[in-house]
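Peer 1: Handing you a structure now.
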Amino acid sequence: MELRHLRYFLAVAQEGHFTRAAERLNIVPPALSMQIKALEEELGGPLFVRTSRKVELTEAGRLFQIEAQRTLDQAENACQTVRRSLRGETGQVRIGFAGNAVFSGKLTHDLRTFRHHYPDAEMVVSEVAPLAQADAILTGQLDIGYTPDHDKLHSPALLAEKVGLWKRIVAMADDHPLSRHPRLTVEMLAAEPLILYDAHGADESLYATLRHLLGHDPHVSHCSASSLSVLTLAAAAQGLALVPEPLMNISVPGVVYRPLDEPELAANLMLVSRKQDNNGATTAFLTIARGMEIRE
């Protein structure tokens with residue numbers, strides 16, 4: 001027995017006439033009659049009482065009508081559930097973020113847009129260190145990551161796309177001598193202790209660029225995987241913090257920000273996901289994060 005047999009049966013039961021039911025189903029009456037007869041044989045008895053004027057349900061037919069309608073409704077509900085999942089309307093997407101994803105407004109914009117278009121989907125959002133994001137995505141603990149670029153993102157199983165690029169600025173204690181300057185150059189940083197955002201791991205490229213620009217290894221006093229820790233250390237006069245421009249939105253007592261005239265020290269933000277992923281919610285979120293048009 002197939003679902004089409006149930007549809008044929010219900011059409012005849014509702015129309016009370018084989019010809020009208022056949023027209024509704026867009027098949028010829030003899031073919032419909034044969035299908036109903038085969039169904040009755042499979043079930044072991046008549047479902048209809050046929051007269052020259054109309055077709056009426058037998059007692060067994062009335063019972064079968066209830067169950068047939070229930071089965072079709074359940075099948076349609078199952079199809080709708082799967083379609084909604086494939087479209088990303090339901091299900092769960094797990095998102096990890098670090099650094100300027102929040103302070104730039106990129107992450108919050110994507111989260112709000114996703115919630116607007118897919119209110120029934122669940123988002124699980126957590127702060128995860130940049131290096132840990134790649135491993136978490138590869139092992140299935142995360143679906144999407146927002147992180148600065150680093151070597152671990154170059155795995156063949158990952159897709160890393162640049163979604164942000166900002167100037168690097170200097171955060172320092174408000175009584176630091178360099179705070180008197182409206183703008184800074186790399187040369188001014190040559191002898192200063194520097195505070196970097198996890199430079200020897202997630203931001204190794206920043207360390208390498210500084211070494212190239214200065215002509216020697218930079219004097220790194222502290223490294224931290226937390227943006228707030230970096231700014232706290234700067235406020236405590238532990239060094240000059242090189243941070244992405246969006247962090248200027250954070251007001252920390254005792255900290256001032258100064259522009260840095262060096263485009264090579266730009267900070268980026270990468271959107272990271274698995275190359276092979278069949279999660280509908282993840283696909284829908286990536287569409288939004290990439291700034292692509294959403295199909296309604």
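Labels for the structure tokens follow display order: chains A, B, ..., residues from 1 in each chain, ligands from 1.
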So which residues touch Tyr197 (chain A) within 12 Å, counting only C-alpha atoms, skipping near sequence neighbours fewer than 2 positions away, as a PyMOL selection string?

Peer 2: chain A and resi 98-100+129-131+147-148+168+194-195+199-207+220-231+233-234+240-244+267

Peer 1: Run DSSP on the backbone of this structure and report the residues of region 25-96 of chain A it assigns to strand (DSSP E or B), as a list of chain:residue names.

Peer 2: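 Taking region 25-96 of chain A and keeping strand (DSSP E or B) gives A:Phe48, A:Val49, A:Arg50, A:Val55, A:Glu56, A:Leu57, A:Gln92, A:Val93, A:Arg94, A:Ile95, A:Gly96.
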
Peer 1: Considering only C-alpha atoms, state which residue in the set A:Ala21, A:Met248, A:Ile36, A:Val272 is at the smallest distance from Lys152 (chain A).

Peer 2: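 That would be A:Val272, the residue with the smallest distance to Lys152 (chain A).
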
Peer 1: For region 44-53 of chain A, work out the shell of residues within 12 Å, counting only C-alpha atoms and skipping chain neighbours fewer than 2 positions away, then give it as a short mmCIF file (atom, residue, chain, number, x, y, z; two decimals) with N, CA and C atoms, in the first residue's frame.

Peer 2:
```
data_model
loop_
_atom_site.label_atom_id
_atom_site.label_comp_id
_atom_site.auth_asym_id
_atom_site.auth_seq_id
_atom_site.Cartn_x
_atom_site.Cartn_y
_atom_site.Cartn_z
N LEU A 6 -4.05 5.82 -0.56
CA LEU A 6 -4.87 6.49 0.45
C LEU A 6 -5.51 7.75 -0.12
N PHE A 9 -8.40 6.67 -2.34
CA PHE A 9 -9.53 6.25 -1.52
C PHE A 9 -10.27 7.46 -0.94
N LEU A 10 -9.52 8.41 -0.39
CA LEU A 10 -10.15 9.57 0.24
C LEU A 10 -10.87 10.44 -0.79
N VAL A 12 -12.43 9.40 -3.49
CA VAL A 12 -13.71 8.72 -3.79
C VAL A 12 -14.67 8.87 -2.61
N ALA A 13 -14.13 8.72 -1.38
CA ALA A 13 -14.98 8.84 -0.20
C ALA A 13 -15.57 10.24 -0.08
N GLN A 14 -14.79 11.25 -0.41
CA GLN A 14 -15.25 12.64 -0.29
C GLN A 14 -16.19 13.04 -1.42
N GLY A 16 -17.90 10.80 -3.34
CA GLY A 16 -19.04 9.89 -3.45
C GLY A 16 -19.32 9.49 -4.89
N HIS A 17 -18.32 9.58 -5.74
CA HIS A 17 -18.51 9.32 -7.17
C HIS A 17 -17.14 9.08 -7.80
N PHE A 18 -17.02 7.98 -8.56
CA PHE A 18 -15.73 7.62 -9.15
C PHE A 18 -15.30 8.62 -10.23
N THR A 19 -16.23 9.04 -11.07
CA THR A 19 -15.87 9.95 -12.17
C THR A 19 -15.38 11.30 -11.64
N SER A 33 -10.81 3.04 -10.54
CA SER A 33 -11.61 1.89 -10.09
C SER A 33 -10.72 0.69 -9.82
N ILE A 36 -8.78 1.18 -6.50
CA ILE A 36 -9.63 0.97 -5.32
C ILE A 36 -9.91 -0.52 -5.13
N LYS A 37 -10.15 -1.22 -6.24
CA LYS A 37 -10.40 -2.66 -6.15
C LYS A 37 -9.18 -3.38 -5.59
N ALA A 38 -7.98 -2.98 -6.04
CA ALA A 38 -6.75 -3.61 -5.54
C ALA A 38 -6.57 -3.32 -4.05
N LEU A 39 -6.93 -2.11 -3.65
CA LEU A 39 -6.83 -1.75 -2.24
C LEU A 39 -7.77 -2.60 -1.40
N GLU A 40 -8.99 -2.78 -1.87
CA GLU A 40 -9.97 -3.60 -1.14
C GLU A 40 -9.49 -5.05 -1.03
N GLU A 41 -8.88 -5.55 -2.11
CA GLU A 41 -8.37 -6.92 -2.08
C GLU A 41 -7.23 -7.05 -1.08
N GLU A 42 -6.40 -6.02 -1.01
CA GLU A 42 -5.28 -6.06 -0.07
C GLU A 42 -5.78 -6.03 1.37
N VAL A 55 -21.63 6.28 -4.64
CA VAL A 55 -20.75 5.35 -3.94
C VAL A 55 -20.78 5.73 -2.47
N GLU A 56 -21.07 4.76 -1.61
CA GLU A 56 -21.12 5.03 -0.18
C GLU A 56 -20.10 4.16 0.55
N LEU A 57 -19.61 4.67 1.68
CA LEU A 57 -18.64 3.92 2.48
C LEU A 57 -19.32 2.81 3.26
N THR A 58 -18.66 1.68 3.34
CA THR A 58 -19.09 0.63 4.25
C THR A 58 -18.63 1.00 5.67
N GLU A 59 -19.02 0.21 6.64
CA GLU A 59 -18.55 0.46 8.00
C GLU A 59 -17.03 0.40 8.07
N ALA A 60 -16.44 -0.61 7.38
CA ALA A 60 -14.98 -0.71 7.33
C ALA A 60 -14.40 0.49 6.61
N GLY A 61 -15.10 0.97 5.59
CA GLY A 61 -14.63 2.12 4.84
C GLY A 61 -14.60 3.39 5.69
N ARG A 62 -15.62 3.54 6.55
CA ARG A 62 -15.64 4.71 7.43
C ARG A 62 -14.48 4.68 8.42
N LEU A 63 -14.17 3.50 8.93
CA LEU A 63 -13.02 3.38 9.83
C LEU A 63 -11.72 3.67 9.08
N PHE A 64 -11.64 3.15 7.86
CA PHE A 64 -10.42 3.34 7.08
C PHE A 64 -10.25 4.81 6.68
N GLN A 65 -11.35 5.51 6.48
CA GLN A 65 -11.27 6.93 6.12
C GLN A 65 -10.58 7.73 7.22
#
```

Peer 1: Taking only region 39-215 of chain A into account, list the residues labelled helix (DSSP H, G or I) by DSSP (computed from the backbone), as an NGL selection string.

Peer 2: :A and (39-43 or 59-86 or 100-103 or 106-117 or 130-138 or 151-154 or 177-180 or 186-189 or 204-214)

Peer 1: So how many Å separate CA of Ile137 (chain A) and CA of Ala78 (chain A), to one decimal?

Peer 2: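 Here the two named atoms are 29.4 Å from each other.
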
Peer 1: Need to verify the contact set: region 108-113 of chain A, 9 Å, only C-alpha atoms, exclusion of same-chain residues closer than 5 positions in sequence. Can you return it as a PyMOL selection string?

Peer 2: chain A and resi 101-103+118+123+285+288-289+291

Peer 1: Which residue gives the smallest distance to Glu2 (chain A) among A:Ala190, A:Ala236, A:Ala75, A:Leu210, with only C-alpha atoms counted?

Peer 2: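 Closest to Glu2 (chain A) of all the choices is A:Ala75.
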
Peer 1: Just the number, please: distance in Å from CA of His181 (chain A) to CA of Pro259 (chain A), one decimal.

Peer 2: 9.6 Å

Peer 1: Which distance in Å separates CA of Arg4 (chain A) and CA of Ala68 (chain A), to one decimal?

Peer 2: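 Value for the CA of Arg4 (chain A)-CA of Ala68 (chain A) distance: 10.6 Å.
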
Peer 1: For Tyr146 (chain A), which residue out of A:His117, A:His5, A:Arg183, A:Lys106 is the nearest one, using only C-alpha atoms?

Peer 2: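 Nearest to Tyr146 (chain A): A:Lys106.
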
Peer 1: Excluding Pro182 (chain A) and residues on its chain fewer than 3 positions from it, collect all residues at most 9 Å away from it, counting only C-alpha atoms, and give them as a list in words.

Peer 2: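 Within the cut-off, the hits are Leu178, Ser179, Arg258 and Pro259 of chain A.
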
Peer 1: Would you save the residues from that selection as a CSV table (one decimal), in the first residue's frame, using all heavy atoms?

Peer 2:
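Written output follows (selection09.csv):
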```
chain,number,residue,atom,x,y,z
A,178,LEU,N,53.6,58.5,25.3
A,178,LEU,CA,53.1,58.5,23.9
A,178,LEU,C,51.7,59.0,23.7
A,178,LEU,O,51.2,59.2,22.6
A,178,LEU,CB,53.3,57.1,23.3
A,178,LEU,CG,54.7,56.7,23.0
A,178,LEU,CD1,54.7,55.3,22.4
A,178,LEU,CD2,55.4,57.6,22.1
A,179,SER,N,50.9,59.0,24.9
A,179,SER,CA,49.5,59.5,24.8
A,179,SER,C,49.4,60.9,24.3
A,179,SER,O,48.3,61.4,23.9
A,179,SER,CB,48.8,59.2,26.1
A,179,SER,OG,49.4,60.1,27.1
A,258,ARG,N,45.0,55.4,20.4
A,258,ARG,CA,45.7,56.3,19.4
A,258,ARG,C,45.8,55.5,18.1
A,258,ARG,O,46.1,54.3,18.0
A,258,ARG,CB,47.1,56.7,19.9
A,258,ARG,CG,47.1,57.6,21.1
A,258,ARG,CD,46.5,59.0,20.8
A,258,ARG,NE,46.5,59.9,22.0
A,258,ARG,CZ,45.5,60.0,22.8
A,258,ARG,NH1,44.4,59.3,22.6
A,258,ARG,NH2,45.6,60.8,23.8
A,259,PRO,N,45.5,56.2,17.0
A,259,PRO,CA,45.7,55.6,15.6
A,259,PRO,C,47.1,55.2,15.4
A,259,PRO,O,48.1,55.9,15.9
A,259,PRO,CB,45.2,56.7,14.7
A,259,PRO,CG,44.4,57.7,15.5
A,259,PRO,CD,45.0,57.6,16.9
```
